[in-house]
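**Student:** Input file: input_9.txt. Contents: compact mmCIF, C-alpha atoms and all ligand atoms.
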# COMPACT_ATOMS: atom_id res chain seq x y z
CA ALA L 178 -144.27 260.51 -88.43
CA SER L 179 -143.96 256.73 -88.17
CA ALA L 180 -142.35 257.08 -84.73
CA PHE L 181 -145.54 258.63 -83.37
CA PRO L 182 -147.78 255.52 -83.33
CA VAL L 183 -144.87 253.54 -81.87
CA ALA L 184 -144.46 256.10 -79.07
CA LYS L 185 -148.22 256.27 -78.52
CA HIS L 186 -148.54 252.51 -78.20
CA LEU L 187 -145.63 252.36 -75.74
CA VAL L 188 -147.10 255.15 -73.62
CA GLU L 189 -150.50 253.46 -73.64
CA THR L 190 -148.93 250.19 -72.50
CA GLY L 191 -147.24 251.87 -69.54
CA HIS L 192 -143.72 252.50 -70.81
CA GLU L 193 -141.61 255.57 -70.22
CA VAL L 194 -140.94 257.15 -73.60
CA HIS L 195 -138.60 259.93 -74.64
CA ALA L 196 -138.85 261.53 -78.08
CA ILE L 197 -135.77 263.00 -79.71
CA MET L 198 -136.67 265.03 -82.76
CA GLY L 199 -134.15 266.63 -85.06
CA ALA L 200 -134.29 268.74 -88.19
CA ARG L 201 -131.99 270.93 -90.22
CA THR L 202 -133.98 273.97 -89.15
CA LYS L 203 -137.08 274.78 -87.07
CA ASP L 204 -139.48 274.93 -90.03
CA LEU L 205 -138.67 271.34 -91.01
CA LEU L 206 -139.55 269.83 -87.64
CA LEU L 207 -142.43 267.36 -87.88
CA MET L 208 -145.28 266.53 -85.49
CA GLU L 209 -144.00 268.45 -82.50
CA ASP L 210 -147.54 269.27 -81.31
CA GLN L 211 -148.61 265.63 -81.38
CA PHE L 212 -145.56 264.53 -79.39
CA ARG L 213 -146.10 267.36 -76.90
CA GLU L 214 -149.65 266.15 -76.34
CA LEU L 215 -148.38 262.63 -75.70
CA LEU L 216 -145.30 263.27 -73.56
CA ASP L 217 -144.22 265.50 -70.70
CA GLU L 218 -141.98 268.45 -71.47
CA ASP L 219 -138.90 266.81 -69.96
CA HIS L 220 -139.39 263.77 -72.21
CA ILE L 221 -139.09 265.80 -75.42
CA HIS L 222 -135.66 266.60 -76.83
CA ILE L 223 -135.34 268.79 -79.90
CA THR L 224 -132.25 269.51 -81.97
CA THR L 225 -131.71 271.65 -85.05
CA ASP L 226 -128.56 271.72 -87.14
CA ASP L 227 -128.63 275.51 -87.34
CA GLY L 228 -129.68 276.12 -83.72
CA SER L 229 -132.91 277.87 -84.78
CA TYR L 230 -134.85 275.79 -82.24
CA GLY L 231 -133.98 273.53 -79.33
CA GLU L 232 -130.42 272.40 -78.88
CA GLN L 233 -127.99 273.11 -81.70
CA GLY L 234 -126.59 269.90 -83.10
CA VAL L 235 -127.75 266.43 -84.00
CA VAL L 236 -129.98 263.87 -82.30
CA THR L 237 -127.15 261.61 -81.21
CA ALA L 238 -126.16 264.11 -78.48
CA PRO L 239 -129.41 263.83 -76.47
CA LEU L 240 -129.56 260.13 -77.34
CA GLU L 241 -126.14 259.58 -75.79
CA ARG L 242 -127.13 261.55 -72.67
CA LEU L 243 -130.25 259.42 -72.23
CA LEU L 244 -128.30 256.21 -72.72
CA GLN L 245 -125.81 257.36 -70.09
CA ASP L 246 -128.46 258.44 -67.59
CA LYS L 247 -131.14 255.79 -67.94
CA ALA L 248 -131.56 252.07 -68.39
CA VAL L 249 -132.99 252.39 -71.89
CA SER L 250 -134.43 249.09 -73.07
CA GLN L 251 -135.10 249.99 -76.70
CA VAL L 252 -134.38 252.76 -79.20
CA PHE L 253 -136.47 253.29 -82.32
CA CYS L 254 -135.14 255.53 -85.06
CA VAL L 255 -136.56 256.73 -88.35
CA GLY L 256 -135.32 259.40 -90.73
CA PRO L 257 -132.26 260.03 -92.87
CA VAL L 258 -130.02 256.98 -93.22
CA PRO L 259 -126.87 258.76 -91.90
CA MET L 260 -128.79 259.74 -88.75
CA MET L 261 -129.91 256.13 -88.27
CA LYS L 262 -126.37 254.90 -88.82
CA PHE L 263 -124.94 257.19 -86.14
CA SER L 264 -127.85 256.57 -83.77
CA THR L 265 -127.12 252.86 -84.12
CA LEU L 266 -123.41 253.39 -83.44
CA THR L 267 -124.38 255.39 -80.34
CA ALA L 268 -126.74 252.64 -79.14
CA GLN L 269 -124.02 250.08 -79.82
CA LYS L 270 -121.72 251.84 -77.34
CA TYR L 271 -124.28 251.17 -74.60
CA ASP L 272 -125.25 247.70 -75.82
CA THR L 273 -128.81 248.91 -76.35
CA PRO L 274 -131.18 247.36 -78.90
CA ILE L 275 -132.21 249.74 -81.67
CA THR L 276 -134.83 249.37 -84.36
CA ALA L 277 -134.23 251.29 -87.58
CA SER L 278 -137.19 251.99 -89.82
CA LEU L 279 -135.78 252.05 -93.35
CA ASN L 280 -137.40 253.98 -96.13
CA PRO L 281 -135.59 253.23 -99.39
CA ILE L 282 -137.19 254.02 -102.74
CA MET L 283 -139.96 251.53 -103.39
CA VAL L 284 -141.47 250.75 -106.77
CA ASP L 285 -143.84 247.77 -106.66
CA GLY L 286 -143.99 247.17 -102.92
CA THR L 287 -144.28 243.41 -103.44
CA GLY L 288 -140.69 242.18 -103.18
CA MET L 289 -140.43 241.73 -106.97
CA CYS L 290 -138.62 244.79 -108.35
CA GLY L 291 -135.70 244.87 -105.93
CA GLY L 292 -135.83 248.67 -105.68
CA CYS L 293 -135.90 248.67 -101.89
CA ARG L 294 -133.13 246.09 -101.49
CA LEU L 295 -131.04 246.29 -98.30
CA THR L 296 -128.35 244.20 -96.70
CA VAL L 297 -129.29 243.15 -93.18
CA GLY L 298 -127.18 240.69 -91.23
CA GLY L 299 -125.29 239.87 -94.44
CA GLU L 300 -128.50 238.85 -96.21
CA THR L 301 -130.51 240.62 -98.88
CA LYS L 302 -133.80 241.95 -97.56
CA PHE L 303 -136.56 244.01 -99.10
CA ALA L 304 -137.86 246.88 -96.99
CA CYS L 305 -141.34 246.57 -98.52
CA VAL L 306 -141.99 242.97 -97.50
CA ASP L 307 -139.32 242.16 -94.89
CA GLY L 308 -139.40 245.53 -93.13
CA PRO L 309 -139.49 248.42 -92.99
CA ASP L 310 -138.29 247.93 -89.41
CA PHE L 311 -135.03 246.06 -88.86
CA ASP L 312 -132.55 245.45 -86.07
CA GLY L 313 -130.32 248.50 -86.55
CA HIS L 314 -127.24 246.63 -85.41
CA LEU L 315 -127.56 244.32 -88.43
CA VAL L 316 -128.26 246.93 -91.12
CA ASP L 317 -125.53 247.79 -93.63
CA PHE L 318 -126.17 251.53 -93.56
CA ASP L 319 -123.28 252.37 -95.88
CA SER L 320 -124.73 250.34 -98.75
CA ALA L 321 -128.19 251.77 -98.00
CA MET L 322 -126.70 255.28 -98.30
CA ARG L 323 -125.03 254.42 -101.61
CA ARG L 324 -128.27 253.03 -103.03
CA GLY L 325 -130.23 256.01 -101.70
CA ALA L 326 -127.96 258.37 -103.61
CA MET L 327 -128.54 256.65 -106.97
CA TYR L 328 -131.30 259.03 -108.08
CA LYS L 329 -129.93 262.23 -106.56
CA ALA L 330 -129.39 263.83 -109.99
CA GLN L 331 -133.01 263.18 -111.01
CA GLU L 332 -134.28 264.41 -107.64
CA ARG L 333 -132.27 267.60 -108.01
CA ALA L 334 -133.53 268.06 -111.57
CA ALA L 335 -137.13 267.63 -110.43
CA GLY L 336 -136.53 270.18 -107.66
CA GLU L 337 -139.67 271.77 -106.28
CA ARG L 338 -141.75 270.32 -109.11
CA ARG L 339 -141.25 266.69 -108.14
CA GLU L 340 -145.00 266.20 -107.55
CA GLU L 341 -145.48 266.63 -111.29
CA HIS L 342 -143.25 263.60 -111.87
CA CYS L 343 -144.90 261.39 -109.29
CA ASN L 344 -147.83 259.31 -110.53
CA LEU L 345 -149.26 259.12 -107.02
CA PHE L 346 -149.98 262.84 -107.05
CA LYS L 347 -151.89 262.46 -110.34
CA LYS L 348 -154.33 259.99 -108.86
CA GLU L 349 -157.48 261.05 -107.15
CA VAL L 350 -157.55 259.71 -103.61
CA LYS L 351 -160.95 258.13 -102.88
FE1 LIG U 1 -139.91 246.49 -105.10
FE2 LIG U 1 -139.60 246.35 -102.47
S1 LIG U 1 -140.45 247.95 -103.62
S2 LIG U 1 -138.96 244.93 -103.95
Write the structure described by the file as structure tokens, please.
**Tutor:**
Amino acid sequence: ASAFPVAKHLVETGHEVHAIMGARTKDLLLMEDQFRELLDEDHIHITTDDGSYGEQGVVTAPLERLLQDKAVSQVFCVGPVPMMKFSTLTAQKYDTPITASLNPIMVDGTGMCGGCRLTVGGETKFACVDGPDFDGHLVDFDSAMRRGAMYKAQERAAGERREEHCNLFKKEVK
């Protein structure tokens, strides 16, 4: 979802934009209609892991084709950390700048709790106040993946009922 306003702004300022959207399966694909309204058919590239929609495979395949075929000036990626890691490695092969939008668990959102800590360019950064967008080539994705897995057991235990554990869902939105 956060790629959409980026793409929209770039289109509105006269840039050629391609959207590569991937999901495990068709039902998990996000915002396809909005991207289709914004971009021409041949600028939309869809992949699914199970081949239920679009090209079977992962987003790095169409990304690599675009990087081979076009003079791409900037890649923006957002989603699962492993995907961003491999998108960055793909961009690296073509010496192309890539922005990764990191979404680690955040608690206070003020740079105080350290929950969203990342290593970027060898320095500690906080996604909430220093990001969430960083130069992908500088992000230590492996440590981000390790930190992101810290609460896997609790997430699995919460299962489908995780809204009941989240205080945000208990608040009335005004
Ligand atoms: Fe606490 Fe970023 S959410 S430091």
**Student:** I'd like to know which of L:Phe181, L:Phe318, L:Phe303, L:Tyr271 is closest to Ser250 in chain L, using all atoms listed in the file.
**Tutor:** L:Tyr271
**Student:** Find the smallest box with edges along x, y and z containing every listed atom of ligand LIG 1 (chain U), then add 3 Å on each side and report centre and edge lengths in Å to one decimal, as JSON.
**Tutor:**
{"center_x": -139.7, "center_y": 246.4, "center_z": -103.8, "size_x": 7.5, "size_y": 9.0, "size_z": 8.6}
**Student:** Produce as a PyMOL selection string the set of residues near ligand LIG 1 (chain U), where near means within 12 Å with all atoms listed in the file considered.
**Tutor:** chain L and resi 279-295+301-309
**Student:** Check the smallest atom-to-atom distance from each of L:Asp312, L:Glu332, L:Glu193, L:Asp217 to Cys254 in chain L using only C-alpha atoms, then report the winner.
**Tutor:**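 Selected residue with least distance to Cys254 in chain L: L:Asp312.
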**Student:** Quick one: distance from CA of Ile197 in chain L to CA of Met261 in chain L in Å, one decimal?
**Tutor:**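 Computing the Euclidean distance for CA of Ile197 in chain L and CA of Met261 in chain L yields 12.4 Å.
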**Student:** So the first atom is CA of Lys247 in chain L and the second is CA of Glu189 in chain L; what is the distance between them in Å, to one decimal place?
**Tutor:**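 So the answer is 20.3 Å.
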**Student:** If we draw a sphere of 12 Å around (-125.4, 259.6, -78.0), which residues have at least one atom in it when counting only C-alpha atoms? Please report them as an NGL selection string.
**Tutor:** :L and (197 or 234-246 or 252 or 260-271 or 273)
**Student:** Would you mind telling me which residue in L:His195, L:Lys185, L:Lys329, L:Arg201 lies nearest to Asp227 in chain L when using only C-alpha atoms?
**Tutor:**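 Checking each candidate against Asp227 in chain L, we get L:Arg201 as the closest.
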**Student:** For CA of Phe253 in chain L and CA of Thr225 in chain L, determine how far apart the two atoms are, in Å to one decimal place.
**Tutor:**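 Between CA of Phe253 in chain L and CA of Thr225 in chain L the gap works out to 19.2 Å.
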**Student:** List as an NGL selection string the residues having at least one atom at most 12 Å from position (-120.4, 250.7, -96.3) as given in the file, counting only C-alpha atoms.
**Tutor:** :L and (258-259 or 262 or 295-296 or 316-324)
**Student:** Within 7 Å of Ala196 in chain L, counting only C-alpha atoms, which residues qualify if same-chain residues fewer than 3 places away don't, as a PDB file with C-alpha atoms, in the frame of the given file?
**Tutor:**
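Written output follows (selection39.pdb):
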ATOM      1  CA  HIS L 220    -139.390 263.770 -72.210  1.00  0.00           C
ATOM      2  CA  ILE L 221    -139.090 265.800 -75.420  1.00  0.00           C
ATOM      3  CA  HIS L 222    -135.660 266.600 -76.830  1.00  0.00           C
TER       4      HIS L 222
END
**Student:** Env of Lys203 in chain L: 12 Å cut, atoms = only C-alpha atoms, seq-sep filter 2 positions within chain, self excluded. Answer as a list in words.
**Tutor:**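 My list of contacting residues is Met198, Gly199, Ala200, Arg201, Leu205, Leu206, Leu207, Met208, Glu209, Ile223, Thr224, Thr225, Asp226, Asp227, Gly228, Ser229, Tyr230, Gly231, Glu232 and Gln233 of chain L.
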**Student:** Would you mind telling me which residue in L:Gln251, L:Gln211, L:Asp219, L:Gly325 lies nearest to Leu187 in chain L when using all atoms listed in the file?
**Tutor:**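 Residue with the minimum atom-to-atom distance to Leu187 in chain L: L:Gln251.
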